[in-house]
Amino acid sequence: MTDPFSLTAMDIFRFATHIGLTHYLLLAALLFAIGLFGLLTRRGIIPALMCVELMLNAVNINLVAFNHYLPMPDHSGQLMAIFSIAVAAAEIAIGVALAFRVYRDRNTVNLDDLDHLKG
Amino acid sequence: MGLPLLSTVLLAPLLAALAICLLPRESRDQIRLIAAGAMTLATVLTLYAYAAYDTAAGGMQFTESIPWITDLGVTYALGVDGISLPMLLLTDVIGLASVFSSWNIEKRPKDFFVLLMVLIAGVTGTFIARDLFIFLLCYEVVVIPIYIMVLIWGSTKRVPKEYAGIKLTIFLLMGSAFMLVGVVSLFLEAGGQTFDMAALVEASRTGMLSEDFQIFAFLLLLLGFGSLLSMFPFHSWSPDGYAGAPTAVSMIHAGVLKKIGGYGLIRLGLLVLPLGAKFWAPLIAALAMINVMYAAYIAMVQKDLKYIIGYSSVSHMGYVLLGFAALNAVSITGAIANMVAHGIMASLFFSQIGYIYERTHLRSVPELAGLAHHLPRLTVGFMLAGLASVGLPGLIGFVPEFTIFVGTLSVYPVCAFLAIAGIIFSALYILRMLAKVLFGPRVERFAAVPDEQGADLVPLLLLGVFLVGFGLFPELLMGVIRSGVTPLEPLLAQLSGAPTLLGGGF
Amino acid sequence: MFDFALTHAWLIPLLPALAFLIIGLGTRQDKDTSAKIAITMSALSFLLALGVAGAVITRPVVMADPFVMKTLWAKVGDIELFMGVLVDPLTAMMLFVVTTVALLVQIYSVGYMAHDPGAGRFFAFLSLFASSMLGLVLSVNFMQMYAFWELVGLCSYLLIGFYYYKDSAREAAKKAFITTRIGDFGMLLGILLVQLTFGTLDFLELKALLPTYIWETGGGILTVIALLLFIGPIGKSGQFPLHVWLPDAMEGPTPVSALIHAATMVVAGVYLVGRAYFLFSALPVVLEVIAWVGGFTAIFAATIAITQRPFKRILAYSTISQLGYMMLALGVGSLTASMFHLMTHAFFKALLFLCAGAVIEAMHEEADIFKMGGLKERMPVTFRCMTIGVLAIAGVPPLAGFFSKDAILAAAAEVSTPLYILATVTAFLTAFYMARLLFVAFFGEVKPDCPAQETNAWMRWPLVVLAALSVVSGVWGHFAGFGEWVFHGPITEEHISWQIAGTSVALTLLAFFLAYEIYVAKRWSSYEISRRLGVLYTLSYNKYYIDEIYTVIRNTFVDKFGAVLYWFDLHIVDGIVNGLARFTGGLSGVLGLAENGQVQRYVTVFYCGAIALVAYSLVFAWLVLSVLGGAF
């Protein structure tokens with residue numbers, strides 16, 4: 001983009017009406033930021049895992065969007081996204097299982113209480 | 001000869017440690033017998049080596065050599081010459097004495113003797129290694145047991161034993177870190193082929209090590225060995241460390257471990273990096289003089305026996321440094337002899353202090369008094385050690401000090417003058433301490449304290465024999481050292497014109 | 001037979017050392033056996049010393065050509081340190097004096113220490129003391145002399161502190177050792193400089209080298225060396241200002257005082273100057289210093305002795321004064337007079353101290369002479385011996401002190417009138433305070449509860465022998481030609497100058513008369529006199545406050561300074577160490593905030609790091625572009 005001060009009303013109008021790569025990327029970034037914010041602030045394991053899912057999906061959007069705008073689209077982005085979704089599914093399964101174990105063991109799923117990582 | 005003598009001396013304590021590991025922890029008697037047996041064997045073999053050493057031939061004798069890490073040029077090479085042999089003797093004698101000083105240890109004797117044996121083996125290794133890598137390896141082996149021993153068996157007085165232990169360890173490790181950098185750079189500079197000390201000396205002699213490199217590398221070694229030798233201002237671990245450590249560790253530490261510093265300065269610093277040694281010599285002399293006077297003054301106001309001896313040993317190490325700094329055959333002979341002398345007297349002191357502390361849990365001079373009434377043998381021990389450190393003739397300290405003074409006075413007149421004045425101050429603090437602790441009116445509180453007997457008497461007898469024997473017949477000691485120092489004479493003669501910190505040769 | 005003694009002279013110090021070893025390691029507990037061993041060894045030494053003296057006279061061994069045997073003791077670098085024996089008439093005389101006094105003192109000690117449980121230890125130390133002194137006397141070089149010199153110091157430390165349970169003895173022993181150590185420091189420096197200058201410490205070699213050296217390079221450094229060497233004797237021989245230890249040394253058992261004051265220890269300093277006289281006599285400046293130190297010490301100590309009250313302390317100050325005399329004699333160039341006085345003084349001072357021991361023991365440890373009185377009735381033998389001793393030290397003819405003191409006065413008169421006057425006044429004072437001691441303690445009324453009895457035979461006979469020696473040694477020395485044997489430079493014709501001798505005898509008699517009037521006839525009140533003298537009396541009575549001055553110096557310059565350095569060590573040197581440790585600890589605390597164990601904190605840090613990396617690469621890329629932009 002050129003100098004922001006030389007933006008004309010026409011530029012803004014075009015940006016609002018023509019959906020392009022930038023919009024997808026913005027959406028993904030927003031999703032990622034929301035996920036990150038949730039991961040950092042939520043105290044429960046389950047919400048934190050959900051936020052991780054959100055961030056992964058943001059990445060998936062990026063992959064698919066980039067794929068679409070490639071000079072010669074070859075579905076490699078979609079492939080990557082599907083692969084990532086599979087991995088995310090596995091991850092959430094393990095994560096939730098761990099959360100159950102932790103709850104059984106400690107009777108809590110509050111992340112603040114789980115600080116035994118430090119020796 | 002068939003038996004690899006030095007390897008046996010080195011392995012005896014290690015095997016003893018292994019054997020002790022296999023015993024149940026309740027069998028204290030067997031544990032300490034094994035320790036004493038191993039050390040006796042090592043001491044007897046060392047005495048044999050000392051007697052059989054051919055002083056006329058000189059050089060490395062009783063050599064052994066097995067290639068080890070060939071890619072790095074590391075060889076398991078042992079040998080002794082006139083410089084290391086007295087040190088080896090010192091190690092084994094003090095090691096044996098320290099076993100007997102720990103005879104009545106109650107707390108976890110198994111762990112204690114295992115660590116003690118490893119410690120002694122490590123110190124032995126540093127003195128008999130002919131390979132720099134082995135030297136460093138053994139030195140690092142030494143540090144760890146000391147830390148654990150201070151923590152478990154140490155005592156808390158002015159400073160907590162945890163503080164003393166970590167201070168001691170960090171100083172030693174810092175020193176060894178500097179040393180390591182120095183040694184590695186030396187290894188690379190000399191071609192990266194070998195850690196053999198003789199080869200490094202040869203490389204230095206043929207001019208492979210530039211003067212600038214020598215100056216740089218020597219500074220690193222000086223920081224390492226200097227802090228080990230408690231050179232001002234790196235001395236403050238020494239009094240605190242001795243005060244915190246259990247008796248045996250104090251004995252070995254003050255007696256021999258410290259001497260690795262002086263030994264290393266001569267063996268590595270002088271032989272491999274002569275130009276560096278010459279360059280920094282004036283600085284060393286100045287620091288040595290500060291060591292002597294400063295520590296003597298501080299020793300005078302101390303109350304704790306171990307602190308007095310701790311500072312006194314800092315002061316004595318000043319003489320060793322001074323002897324080294326003068327860089328002539330006489331003064332270096334004196335420096336080596338003084339290391340031996342100080343080792344014997346300091347460990348005797350610590351063993352006697354340990355005895356009285358074990359019985360009364362007192363170590364502070366104002367609290368002790370009139371011990372001569374009840375403990376005549378302990379009194380003899382204290383007097384012998386005290387008078388030796390005052391430098392009385394007939395005891396081990398006299399000839400070495402005299403030698404150092406003769407060797408240094410013409411080179412560093414001012415430093416030597418002040419260091420000689422140190423004999424007044426050492427008399428002051430030693431006699432004050434002796435007077436207060438041993439003499440004076442009878443104190444009934446100490447009437448129940450038994451005098452030294454049995455195993456407790458061994459350190460006194462053993463160290464006393466050397467204290468008096470080498471004192472009356474100094475040639476027994478000086479002869480061996482001379483055979484080690486004589487080969488250095490051409491080198492020292494060459495050095496006399498080399499530049500120093502203060503400019504050209506003088 | 002004499003030759004046997006000469007070639008076996010090394011046995012003389014070794015035999016008592018052997019006694020020390022045997023007693024110390026074996027028979028310490030059994031005091032009779034210990035005494036027997038010590039006395040036997042001393043007697044053998046004494047016989048050998050007699051044999052050496054015989055050999056010196058018959059062979060003859062003269063000053064210029066001594067008999068030397070030596071063996072290598074230690075070799076460092078190219079410096080060879082020898083131990084050995086050097087026998088010349090001076091040595092022979094010293095050997096005779098030391099062994100005689102040591103033997104008599106040991107015999108005396110059998111009686112004196114009869115009831116002391118530590119007697120075994122006492123005999124061991126006495127033997128070692130004699131041994132060290134004999135080794136010193138026989139020294140062939142400065143190093144050997146220094147070694148034995150230190151051993152003598154050690155023995156005095158052990159013996160002065162023999163009653164270790166007494167605080168005063170403990171302190172006195174320490175003081176003696178440390179004070180003499182200050183002297184030793186100077187002496188050691190001097191010896192080291194000798195080694196560096198000449199490359200040898202051997203007396204004979206030095207003697208041979210010295211004239212050429214002076215011829216070639218002059219005496220500058222030599223003067224420094226000699227002055228440094230002289231600091232040793234100042235300490236050991238109790239010269240001003242290092243005399244303070246000597247009066248305190250009486251804290252030891254009295255036989256020890258006798259040995260220290262008469263034959264060992266204090267005369268070591270005088271002997272050192274005598275032995276190295278070839279060096280000192282070549283340097284007029286140094287001689288002058290020695291003379292004045294000696295002269296000043298002589299009169300200084302005499303003025304203190306006049307007002308003291310404890311028996312042994314008076315004798316102690318008289319020793320300092322007499323040592324000053326010997327130094328004075330050396331300073332004015334008369335080795336003969338000095339050594340002659342050393343010999344006679346050894347006999348009568350040993351006699352006086354042993355008498356003091358007898359008296360104090362009889363008085364049950366009461367030392368103040370004004371609490372004694374009338375002892376001549378109670379202790380007739382001791383009284384007679386004491387009288388002989390007093391007359392001898394005062395220089396009444398024909399007793400020993402007369403001849404030796406006269407020799408010194410004559411030598412002083414030849415060189416310097418002020419020194420002569422100083423010495424004569426000292427002689428007067430000496431006669432006065434010795435007479436005071438005798439009159440107050442032995443004359444007058446017997447105090448009502450006086451327990452004094454004549455002493456036992458063990459203690460009596462040594463007194464008699466010493467008394468006899470105090471009578472004859474002067475006459476014998478004078479007429480047998482002492483000066484033809486012990487001398488330096490040209491032999492001086494010995495004759496008594498009637499003018500000088502007359503003056504001193506007249507002054508002595510005057511002093512006796514005054515003392516008699518004051519203390520026996522009580523014509524004048526001593527109290528009144530002391531009150532009139534005012535400040536002078538106070539100064540003298542308090543020994544010019546020298547001890548107090550030293551205490552202040554020690555407290556400020558040693559202890560306070562030590563405390564300051566300790567503070568420095570704790571707070572600066574250790575402060576830096578601990579500060580570094582604290583800094584590291586603090587830093588790790590700060591960095592540790594990033595890792596508190598909570599997953600979310602790790603995530604935060606991780607993302608911050610990621611962002612930082614991205615930011616860094618952006619900035620870096622921008623920099624590369626803006627710098628190298630043109631190239632792309």
# chains A, B, ... in the order shown; residues from 1 in each chain; ligands from 1
>>> residues_around(residues="stretch 261-263 of chain C", least_positions_apart="3", cutoff="10 Å", atoms="only C-alpha atoms", output="PyMOL selection string")
chain C and resi 94-95+97-102+130+133+237-238+246-247+249-250+255-258+266-268+315-316+318-320+323+342-353
>>> residues_around(residues="stretch 490-505 of chain B", least_positions_apart="3", cutoff="6 Å", atoms="only C-alpha atoms", output="ChimeraX atom specification")
/B:278-280
>>> interface_residues(of="chain A", to="chain C", cutoff="12 Å", atoms="only C-alpha atoms", output="ChimeraX atom specification")
/A:33,36-45,48-49,52,110-119
>>> residues_around(residues="C:Val464", least_positions_apart="4", cutoff="9 Å", atoms="only C-alpha atoms", output="count of residues only")
7
>>> residues_around(residues="A:Leu27", least_positions_apart="6", cutoff="12 Å", atoms="only C-alpha atoms", output="list of chain:residue names")
A:Ile19, A:Gly20, A:Leu21, A:Ala33, A:Ile34, A:Leu54, A:Met55, A:Asn57, A:Ala58, A:Val59, A:Asn60, A:Ile61, A:Asn62, A:Ala65
>>> interface_residues(of="chain C", to="chain B", cutoff="7 Å", atoms="only C-alpha atoms", output="PyMOL selection string")
chain C and resi 73-77+147+150-151+164-167+170+174+178+181-182+185+192+559+562-563+565-566+573-574
>>> residues_around(residues="B:Leu186", least_positions_apart="2", cutoff="10 Å", atoms="only C-alpha atoms", output="list in words")
Leu180, Val181, Gly182, Val183, Val184, Leu188, Glu189, Ala190, Gly191, Gly192, Phe195, Leu200, Ser204, Leu209, Phe213, Gln214, Ala217, Phe218, Val272 and Leu273 of chain B
>>> write_last_selection(atoms="C-alpha atoms", output="mmCIF file, in the first residue's frame")
data_model
loop_
_atom_site.group_PDB
_atom_site.id
_atom_site.type_symbol
_atom_site.label_atom_id
_atom_site.label_comp_id
_atom_site.auth_asym_id
_atom_site.auth_seq_id
_atom_site.Cartn_x
_atom_site.Cartn_y
_atom_site.Cartn_z
ATOM 1 C CA LEU B 180 40.651 -24.046 31.712
ATOM 2 C CA VAL B 181 40.560 -21.194 29.231
ATOM 3 C CA GLY B 182 44.274 -20.739 29.687
ATOM 4 C CA VAL B 183 44.998 -24.415 29.230
ATOM 5 C CA VAL B 184 42.792 -24.823 26.186
ATOM 6 C CA LEU B 188 45.641 -24.884 20.654
ATOM 7 C CA GLU B 189 48.524 -22.450 20.434
ATOM 8 C CA ALA B 190 51.051 -25.222 20.872
ATOM 9 C CA GLY B 191 49.652 -27.041 17.876
ATOM 10 C CA GLY B 192 46.650 -28.869 19.329
ATOM 11 C CA PHE B 195 48.554 -32.289 26.424
ATOM 12 C CA LEU B 200 54.363 -28.083 25.860
ATOM 13 C CA SER B 204 57.552 -22.997 24.495
ATOM 14 C CA LEU B 209 54.328 -19.510 21.934
ATOM 15 C CA PHE B 213 50.256 -15.081 24.040
ATOM 16 C CA GLN B 214 52.370 -16.063 27.016
ATOM 17 C CA ALA B 217 47.765 -17.042 29.048
ATOM 18 C CA PHE B 218 49.818 -16.529 32.175
ATOM 19 C CA VAL B 272 55.542 -23.331 29.785
ATOM 20 C CA LEU B 273 54.975 -19.590 29.879
#
>>> residues_around(residues="C:Phe487", least_positions_apart="4", cutoff="6 Å", atoms="only C-alpha atoms", output="PDB file with N, CA and C atoms, in the first residue's frame")
ATOM      1  N   LEU C 335      87.874  -5.357  72.631  1.00  0.00           N
ATOM      2  CA  LEU C 335      87.245  -6.664  72.725  1.00  0.00           C
ATOM      3  C   LEU C 335      87.654  -7.349  74.023  1.00  0.00           C
ATOM      4  N   THR C 336      88.934  -7.171  74.359  1.00  0.00           N
ATOM      5  CA  THR C 336      89.465  -7.829  75.545  1.00  0.00           C
ATOM      6  C   THR C 336      88.679  -7.439  76.785  1.00  0.00           C
ATOM      7  N   GLY C 483      94.272 -10.831  78.079  1.00  0.00           N
ATOM      8  CA  GLY C 483      94.344 -10.020  76.871  1.00  0.00           C
ATOM      9  C   GLY C 483      95.300 -10.555  75.829  1.00  0.00           C
TER      10      GLY C 483
END
>>> closest_residue(among="C:Leu90, C:Met41, C:Ala411, C:Val105", to="C:Leu138", atoms="only C-alpha atoms")
C:Leu90
>>> atom_distance(atom1="atom CA of B:Asp29", atom2="atom CA of B:Pro109")
9.5 Å
>>> residues_around(residues="C:Gly219", least_positions_apart="6", cutoff="10 Å", atoms="only C-alpha atoms", output="PyMOL selection string")
chain C and resi 210+213+225-226+282-285
>>> closest_residue(among="B:Leu488, B:Leu305, B:Ala288, B:Val118", to="B:Pro366", atoms="only C-alpha atoms")
B:Leu305
